[in-house]
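Shown here: structure.csv, CSV, C-alpha atoms.
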```
chain,number,residue,atom,x,y,z
A,560,MET,CA,53.8,34.6,32.1
A,561,LEU,CA,57.2,33.4,31.0
A,562,LEU,CA,59.5,35.7,29.2
A,563,ARG,CA,62.5,34.7,27.1
A,564,TYR,CA,65.9,36.3,27.9
A,565,VAL,CA,68.1,35.6,24.9
A,566,VAL,CA,71.8,35.8,24.8
A,567,GLY,CA,73.4,34.6,21.6
A,568,LEU,CA,72.1,31.1,20.8
A,569,PHE,CA,71.2,30.4,24.5
A,570,ALA,CA,68.1,31.3,26.4
A,571,LEU,CA,67.3,31.3,30.1
A,572,CYS,CA,63.6,31.2,30.8
A,573,VAL,CA,62.8,34.0,33.3
A,574,ALA,CA,59.8,33.9,35.5
A,575,LEU,CA,58.7,36.2,38.4
A,576,PRO,CA,61.1,35.8,41.3
A,577,VAL,CA,60.2,33.0,43.8
A,578,MET,CA,61.9,32.4,47.1
A,579,ALA,CA,63.9,29.2,46.6
A,580,MET,CA,63.4,26.7,49.5
A,581,ASP,CA,66.5,26.2,51.5
A,582,ALA,CA,67.5,23.2,49.5
A,583,GLU,CA,69.7,20.6,51.1
A,584,PHE,CA,72.2,18.5,49.4
A,585,VAL,CA,75.1,16.2,50.3
A,586,ASP,CA,78.6,16.7,48.9
A,587,LEU,CA,80.7,13.8,47.7
A,588,SER,CA,82.3,13.3,51.2
A,589,GLY,CA,78.8,13.0,52.8
A,590,LYS,CA,78.7,16.5,54.3
A,591,LYS,CA,75.3,18.3,54.2
A,592,VAL,CA,75.3,21.6,52.2
A,593,LYS,CA,72.4,24.1,52.2
A,594,LEU,CA,71.5,26.6,49.6
A,595,SER,CA,71.5,29.3,52.3
A,596,ASP,CA,75.2,28.6,52.9
A,597,TYR,CA,75.7,30.7,49.8
A,598,ARG,CA,73.4,33.6,50.7
A,599,GLY,CA,74.8,36.9,49.4
A,600,LYS,CA,76.0,35.4,46.1
A,601,TRP,CA,74.4,34.4,42.9
A,602,VAL,CA,74.1,30.6,42.9
A,603,VAL,CA,74.1,28.6,39.6
A,604,VAL,CA,72.6,25.2,40.4
A,605,ASN,CA,73.4,22.8,37.6
A,606,TYR,CA,71.8,19.3,37.4
A,607,TRP,CA,74.0,17.0,35.3
A,608,ALA,CA,75.1,13.3,34.9
A,609,THR,CA,78.3,11.7,33.6
A,610,TRP,CA,76.4,9.8,30.9
A,611,CYS,CA,75.0,13.1,29.4
A,612,PRO,CA,77.1,14.5,26.5
A,613,PRO,CA,75.7,18.1,26.8
A,614,CYS,CA,76.4,18.0,30.5
A,615,VAL,CA,80.0,17.0,30.0
A,616,LYS,CA,80.4,19.6,27.3
A,617,GLU,CA,79.5,22.5,29.6
A,618,ILE,CA,81.7,21.5,32.5
A,619,PRO,CA,84.7,23.6,31.4
A,620,GLU,CA,82.5,26.6,30.9
A,621,LEU,CA,80.9,26.2,34.4
A,622,ALA,CA,84.4,25.7,35.9
A,623,THR,CA,85.8,28.8,34.3
A,624,PHE,CA,82.8,30.9,35.4
A,625,HIS,CA,83.1,29.5,39.0
A,626,GLU,CA,86.8,30.3,39.2
A,627,ALA,CA,86.2,33.9,38.0
A,628,HIS,CA,83.4,34.5,40.5
A,629,ARG,CA,83.7,32.3,43.6
A,630,ASN,CA,85.6,34.7,45.7
A,631,LYS,CA,83.4,37.6,44.7
A,632,ASP,CA,79.7,37.3,43.7
A,633,ALA,CA,78.7,33.9,42.4
A,634,VAL,CA,79.2,30.1,42.7
A,635,VAL,CA,78.3,27.1,40.7
A,636,LEU,CA,76.9,24.0,42.4
A,637,GLY,CA,76.9,20.9,40.3
A,638,VAL,CA,74.2,18.4,41.4
A,639,ASN,CA,75.0,15.0,40.1
A,640,HIS,CA,71.7,13.5,39.1
A,641,GLN,CA,72.5,9.8,39.1
A,642,ASP,CA,73.1,6.9,41.4
A,643,ASN,CA,76.8,6.6,41.1
A,644,ASP,CA,79.5,5.9,43.7
A,645,PRO,CA,80.7,9.4,45.0
A,646,ASP,CA,84.3,8.4,44.5
A,647,GLU,CA,83.7,7.6,40.9
A,648,VAL,CA,81.9,10.9,40.4
A,649,LYS,CA,84.9,12.7,42.0
A,650,LYS,CA,87.3,10.9,39.8
A,651,PHE,CA,85.3,11.8,36.8
A,652,MET,CA,85.1,15.5,37.7
A,653,ASP,CA,88.8,15.6,38.6
A,654,GLY,CA,89.5,14.6,35.0
A,655,TYR,CA,87.8,17.8,33.9
A,656,LEU,CA,89.6,20.0,36.5
A,657,ALA,CA,86.2,21.2,37.8
A,658,THR,CA,86.7,23.0,41.1
A,659,TYR,CA,83.1,23.9,41.8
A,660,PRO,CA,81.3,21.9,44.5
A,661,ILE,CA,79.7,18.6,43.3
A,662,LEU,CA,76.6,17.7,45.3
A,663,ARG,CA,74.0,14.9,45.3
A,664,THR,CA,70.4,14.8,46.4
A,665,GLU,CA,69.6,12.4,49.3
A,666,GLY,CA,67.1,9.7,48.7
A,667,SER,CA,65.8,8.4,45.5
A,668,LEU,CA,66.4,10.1,42.2
A,669,SER,CA,63.3,12.0,40.9
A,670,ASN,CA,62.7,14.6,38.3
A,671,ARG,CA,61.4,16.9,41.0
A,672,THR,CA,63.9,19.3,42.5
A,673,PRO,CA,63.5,22.0,45.1
A,674,PHE,CA,63.5,24.5,42.2
A,675,GLY,CA,61.1,22.7,39.8
A,676,THR,CA,60.7,19.7,37.6
A,677,LEU,CA,63.7,18.5,35.5
A,678,LYS,CA,62.6,18.3,31.9
A,679,GLY,CA,66.0,17.0,30.8
A,680,LEU,CA,69.7,17.3,31.5
A,681,PRO,CA,71.5,19.5,31.9
A,682,THR,CA,69.2,21.9,33.7
A,683,THR,CA,70.4,25.1,35.4
A,684,PHE,CA,68.6,27.2,37.9
A,685,MET,CA,69.6,30.8,38.8
A,686,ILE,CA,69.3,31.9,42.4
A,687,THR,CA,69.8,35.6,43.4
A,688,PRO,CA,71.9,36.6,46.3
A,689,ASP,CA,68.7,37.1,48.3
A,690,GLY,CA,67.7,33.5,47.7
A,691,GLU,CA,65.1,34.0,44.9
A,692,LEU,CA,64.8,31.6,42.0
A,693,ILE,CA,64.6,33.8,39.0
A,694,ALA,CA,65.5,31.6,36.0
A,695,ALA,CA,65.8,28.1,34.7
A,696,ARG,CA,67.2,26.6,31.5
A,697,THR,CA,67.2,23.0,30.2
A,698,GLY,CA,70.2,22.7,27.9
A,699,ILE,CA,73.8,23.8,27.7
A,700,VAL,CA,74.8,27.1,29.3
A,701,ASP,CA,78.2,28.9,28.8
A,702,GLN,CA,80.2,31.4,30.8
A,703,ALA,CA,79.2,34.4,28.6
A,704,THR,CA,75.5,33.6,29.1
A,705,LEU,CA,75.9,33.4,32.8
A,706,GLU,CA,78.0,36.6,32.9
A,707,LYS,CA,75.5,38.6,30.9
A,708,PHE,CA,72.5,37.2,32.8
A,709,ILE,CA,74.0,38.2,36.2
A,710,LYS,CA,75.1,41.6,34.9
A,711,ASP,CA,71.6,42.4,33.5
A,712,ASN,CA,69.7,41.2,36.5
A,713,SER,CA,72.0,42.8,39.1
A,714,GLN,CA,70.9,46.2,38.0
A,715,LYS,CA,67.2,45.6,38.7
```

Would you mind giving the structure from this file in structure tokens?
Amino acid sequence: MLLRYVVGLFALCVALPVMAMDAEFVDLSGKKVKLSDYRGKWVVVNYWATWCPPCVKEIPELATFHEAHRNKDAVVLGVNHQDNDPDEVKKFMDGYLATYPILRTEGSLSNRTPFGTLKGLPTTFMITPDGELIAARTGIVDQATLEKFIKDNSQK
């Protein structure tokens, strides 16, 4: 049974917690990054593309959230879901002053992710500090939504 957790005009679909696999990505320099590298923090995994206007619109919100939390309790991981040259993606993100890690999946692009099927972009998955996938949202998210979601779900 899916429940709706509504914050303002945004909603995160919340399901029963599921242990997220230890997803593995590659950063823009080719270094492997695992989801477990961030154990102990909330992880906001955001699938996006440079050609996607809603994805681009949420970059400043994700960057602000990441900066406010990265040294404390949460991080944002941006997963570039397209087959672009990593240097071009880095240049694109530098233009938005995004400081959160930008990652890529290895192999061919697919709508299947370690967290579920992408129904569109952007799609954001919420992983607890214990590594449980507890929410997903297709569509724009903002800093206030992420802040409230973590606050409300940290008390459970």

Quiz prompt | Gap from atom CA of A:Ala703 to atom CA of A:Phe584 - Å, one decimal | solution =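 About the pair atom CA of A:Ala703 and atom CA of A:Phe584: they are 27.1 Å apart.
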
Quiz item: Can you tell me, as a PyMOL selection string, what residues are no more than 6 Å from A:Trp601 when counting all atoms listed in the file, ignoring any on the same chain fewer than 3 positions away?
Solution: chain A and resi 633+686-688

What does the file look like for those residues with C-alpha atoms, as a PDB file, in the coordinates of the input?
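And here is the file that came out, result_28.pdb:
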```
ATOM      1  CA  ALA A 633      78.700  33.900  42.400  1.00  0.00           C
ATOM      2  CA  ILE A 686      69.300  31.900  42.400  1.00  0.00           C
ATOM      3  CA  THR A 687      69.800  35.600  43.400  1.00  0.00           C
ATOM      4  CA  PRO A 688      71.900  36.600  46.300  1.00  0.00           C
TER       5      PRO A 688
END
```

Compile the contact shell of A:Val638 as a PDB file with C-alpha atoms, in the frame of the given file: residues with an atom at most 7 Å away, counting only C-alpha atoms, same-chain residues fewer than 5 positions apart removed.
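Final output, saved to selection-v2.pdb:
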```pdb
ATOM      1  CA  ASN A 605      73.400  22.800  37.600  1.00  0.00           C
ATOM      2  CA  TYR A 606      71.800  19.300  37.400  1.00  0.00           C
ATOM      3  CA  TRP A 607      74.000  17.000  35.300  1.00  0.00           C
ATOM      4  CA  ILE A 661      79.700  18.600  43.300  1.00  0.00           C
ATOM      5  CA  LEU A 662      76.600  17.700  45.300  1.00  0.00           C
ATOM      6  CA  ARG A 663      74.000  14.900  45.300  1.00  0.00           C
TER       7      ARG A 663
END
```

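For the pair atom CA of A:Ala694 and atom CA of A:Lys678, the interatomic distance is 14.2 Å.
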
Quiz item: So, counting all atoms listed in the file, which residue among A:Thr623, A:Thr658, A:Asn643, A:Ser669 is closest to A:Gln702?
Solution: A:Thr623

Practice problem: Kindly give the distance, in Å, that separates atom CA of A:Gly589 and atom CA of A:Met685, rounded to a single decimal. | Solution: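 The value is 24.4 Å.
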
Exercise. Could you give me, as number ranges by chain, the residues that sit within 9 Å of (69.9, 18.6, 26.9) in the file's coordinates, counting only C-alpha atoms?
Key: A: 611-614, 678-682, 697-699

Self-check item: Option closest in space to A:Lys591, from A:Asp646, A:Tyr655, A:Thr664, A:Leu636 [counting all atoms listed in the file]
Solution: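 The answer is A:Thr664, which sits nearest to A:Lys591.
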
Quiz item: Taking all atoms listed in the file into account, which of A:Gly599, A:Thr683, A:Glu706, A:Pro673 comes nearest A:Gly637?
Solution: A:Thr683

Exercise. Return the single residue from A:Asp642, A:Glu620, A:Glu583, A:Asp596 that is closest to A:Asp689, with distances computed using all atoms listed in the file.
Key: A:Asp596

Practice problem: Name the residues in contact with A:Pro619 at a cut-off of 9 Å, using only C-alpha atoms, excluding same-chain residues fewer than 2 positions from it; report them as a list in words. | Solution: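 With the cut-off at 9 Å, the set is Val615, Lys616, Glu617, Leu621, Ala622, Thr623, Phe624, Tyr655, Leu656, Ala657 and Asp701 of chain A.
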
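In terms of minimum interatomic distance to A:Lys590, A:Pro660 ranks closest within A:Val635, A:Phe674, A:Lys707, A:Pro660, counting only C-alpha atoms.
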
Quiz prompt | A:Val634, A:Leu705, A:Ala695, A:Leu677 ranked by distance to A:Arg598, top pick (using all atoms listed in the file) | solution =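 Smallest distance to A:Arg598 is found for A:Val634.
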
Since fewer atoms than expected are present, regenerate N, CA and C atoms for stretch 635-665 of chain A and write them as a PDB file, in the coordinates of the input.
```pdb
ATOM      1  N   VAL A 635      79.028  28.144  41.444  1.00  0.00           N
ATOM      2  CA  VAL A 635      78.300  27.100  40.700  1.00  0.00           C
ATOM      3  C   VAL A 635      78.250  25.883  41.660  1.00  0.00           C
ATOM      4  N   LEU A 636      77.080  25.277  41.710  1.00  0.00           N
ATOM      5  CA  LEU A 636      76.900  24.000  42.400  1.00  0.00           C
ATOM      6  C   LEU A 636      76.447  22.986  41.424  1.00  0.00           C
ATOM      7  N   GLY A 637      77.235  21.965  41.230  1.00  0.00           N
ATOM      8  CA  GLY A 637      76.900  20.900  40.300  1.00  0.00           C
ATOM      9  C   GLY A 637      76.188  19.783  41.044  1.00  0.00           C
ATOM     10  N   VAL A 638      74.945  19.502  40.701  1.00  0.00           N
ATOM     11  CA  VAL A 638      74.200  18.400  41.400  1.00  0.00           C
ATOM     12  C   VAL A 638      74.184  17.215  40.455  1.00  0.00           C
ATOM     13  N   ASN A 639      74.926  16.190  40.875  1.00  0.00           N
ATOM     14  CA  ASN A 639      75.000  15.000  40.100  1.00  0.00           C
ATOM     15  C   ASN A 639      73.704  14.194  40.232  1.00  0.00           C
ATOM     16  N   HIS A 640      72.999  14.089  39.118  1.00  0.00           N
ATOM     17  CA  HIS A 640      71.700  13.500  39.100  1.00  0.00           C
ATOM     18  C   HIS A 640      71.716  12.052  38.604  1.00  0.00           C
ATOM     19  N   GLN A 641      72.389  11.214  39.384  1.00  0.00           N
ATOM     20  CA  GLN A 641      72.500   9.800  39.100  1.00  0.00           C
ATOM     21  C   GLN A 641      72.907   9.050  40.302  1.00  0.00           C
ATOM     22  N   ASP A 642      72.748   7.765  40.288  1.00  0.00           N
ATOM     23  CA  ASP A 642      73.100   6.900  41.400  1.00  0.00           C
ATOM     24  C   ASP A 642      74.425   6.276  41.228  1.00  0.00           C
ATOM     25  N   ASN A 643      75.479   7.072  41.286  1.00  0.00           N
ATOM     26  CA  ASN A 643      76.800   6.600  41.100  1.00  0.00           C
ATOM     27  C   ASN A 643      77.587   6.657  42.435  1.00  0.00           C
ATOM     28  N   ASP A 644      78.624   5.853  42.566  1.00  0.00           N
ATOM     29  CA  ASP A 644      79.500   5.900  43.700  1.00  0.00           C
ATOM     30  C   ASP A 644      80.147   7.313  43.770  1.00  0.00           C
ATOM     31  N   PRO A 645      80.081   8.004  44.910  1.00  0.00           N
ATOM     32  CA  PRO A 645      80.700   9.400  45.000  1.00  0.00           C
ATOM     33  C   PRO A 645      82.146   9.411  44.612  1.00  0.00           C
ATOM     34  N   ASP A 646      82.911   8.357  44.918  1.00  0.00           N
ATOM     35  CA  ASP A 646      84.300   8.400  44.500  1.00  0.00           C
ATOM     36  C   ASP A 646      84.505   8.325  43.025  1.00  0.00           C
ATOM     37  N   GLU A 647      83.625   7.614  42.333  1.00  0.00           N
ATOM     38  CA  GLU A 647      83.700   7.600  40.900  1.00  0.00           C
ATOM     39  C   GLU A 647      83.300   8.935  40.275  1.00  0.00           C
ATOM     40  N   VAL A 648      82.321   9.597  40.862  1.00  0.00           N
ATOM     41  CA  VAL A 648      81.900  10.900  40.400  1.00  0.00           C
ATOM     42  C   VAL A 648      83.070  11.909  40.601  1.00  0.00           C
ATOM     43  N   LYS A 649      83.713  11.853  41.766  1.00  0.00           N
ATOM     44  CA  LYS A 649      84.900  12.700  42.000  1.00  0.00           C
ATOM     45  C   LYS A 649      85.973  12.507  41.045  1.00  0.00           C
ATOM     46  N   LYS A 650      86.286  11.251  40.796  1.00  0.00           N
ATOM     47  CA  LYS A 650      87.300  10.900  39.800  1.00  0.00           C
ATOM     48  C   LYS A 650      86.989  11.444  38.442  1.00  0.00           C
ATOM     49  N   PHE A 651      85.731  11.282  38.049  1.00  0.00           N
ATOM     50  CA  PHE A 651      85.300  11.800  36.800  1.00  0.00           C
ATOM     51  C   PHE A 651      85.457  13.303  36.674  1.00  0.00           C
ATOM     52  N   MET A 652      85.022  14.029  37.699  1.00  0.00           N
ATOM     53  CA  MET A 652      85.100  15.500  37.700  1.00  0.00           C
ATOM     54  C   MET A 652      86.565  15.971  37.763  1.00  0.00           C
ATOM     55  N   ASP A 653      87.403  15.262  38.488  1.00  0.00           N
ATOM     56  CA  ASP A 653      88.800  15.600  38.600  1.00  0.00           C
ATOM     57  C   ASP A 653      89.449  15.582  37.164  1.00  0.00           C
ATOM     58  N   GLY A 654      88.970  14.689  36.325  1.00  0.00           N
ATOM     59  CA  GLY A 654      89.500  14.600  35.000  1.00  0.00           C
ATOM     60  C   GLY A 654      89.135  15.841  34.131  1.00  0.00           C
ATOM     61  N   TYR A 655      88.141  16.603  34.560  1.00  0.00           N
ATOM     62  CA  TYR A 655      87.800  17.800  33.900  1.00  0.00           C
ATOM     63  C   TYR A 655      88.241  19.085  34.605  1.00  0.00           C
ATOM     64  N   LEU A 656      89.018  18.881  35.656  1.00  0.00           N
ATOM     65  CA  LEU A 656      89.600  20.000  36.500  1.00  0.00           C
ATOM     66  C   LEU A 656      88.468  20.915  36.973  1.00  0.00           C
ATOM     67  N   ALA A 657      87.326  20.366  37.277  1.00  0.00           N
ATOM     68  CA  ALA A 657      86.200  21.200  37.800  1.00  0.00           C
ATOM     69  C   ALA A 657      86.443  21.405  39.288  1.00  0.00           C
ATOM     70  N   THR A 658      86.454  22.662  39.677  1.00  0.00           N
ATOM     71  CA  THR A 658      86.700  23.000  41.100  1.00  0.00           C
ATOM     72  C   THR A 658      85.446  23.433  41.816  1.00  0.00           C
ATOM     73  N   TYR A 659      84.318  23.491  41.132  1.00  0.00           N
ATOM     74  CA  TYR A 659      83.100  23.900  41.800  1.00  0.00           C
ATOM     75  C   TYR A 659      82.563  22.673  42.621  1.00  0.00           C
ATOM     76  N   PRO A 660      81.803  22.947  43.685  1.00  0.00           N
ATOM     77  CA  PRO A 660      81.300  21.900  44.500  1.00  0.00           C
ATOM     78  C   PRO A 660      80.362  20.920  43.716  1.00  0.00           C
ATOM     79  N   ILE A 661      80.567  19.631  43.898  1.00  0.00           N
ATOM     80  CA  ILE A 661      79.700  18.600  43.300  1.00  0.00           C
ATOM     81  C   ILE A 661      78.871  18.028  44.425  1.00  0.00           C
ATOM     82  N   LEU A 662      77.566  18.102  44.245  1.00  0.00           N
ATOM     83  CA  LEU A 662      76.600  17.700  45.300  1.00  0.00           C
ATOM     84  C   LEU A 662      75.734  16.580  44.754  1.00  0.00           C
ATOM     85  N   ARG A 663      74.976  15.978  45.670  1.00  0.00           N
ATOM     86  CA  ARG A 663      74.000  14.900  45.300  1.00  0.00           C
ATOM     87  C   ARG A 663      72.749  15.201  46.140  1.00  0.00           C
ATOM     88  N   THR A 664      71.644  14.692  45.661  1.00  0.00           N
ATOM     89  CA  THR A 664      70.400  14.800  46.400  1.00  0.00           C
ATOM     90  C   THR A 664      70.344  13.505  47.296  1.00  0.00           C
ATOM     91  N   GLU A 665      69.757  13.625  48.471  1.00  0.00           N
ATOM     92  CA  GLU A 665      69.600  12.400  49.300  1.00  0.00           C
ATOM     93  C   GLU A 665      68.298  11.732  48.907  1.00  0.00           C
TER      94      GLU A 665
END
```
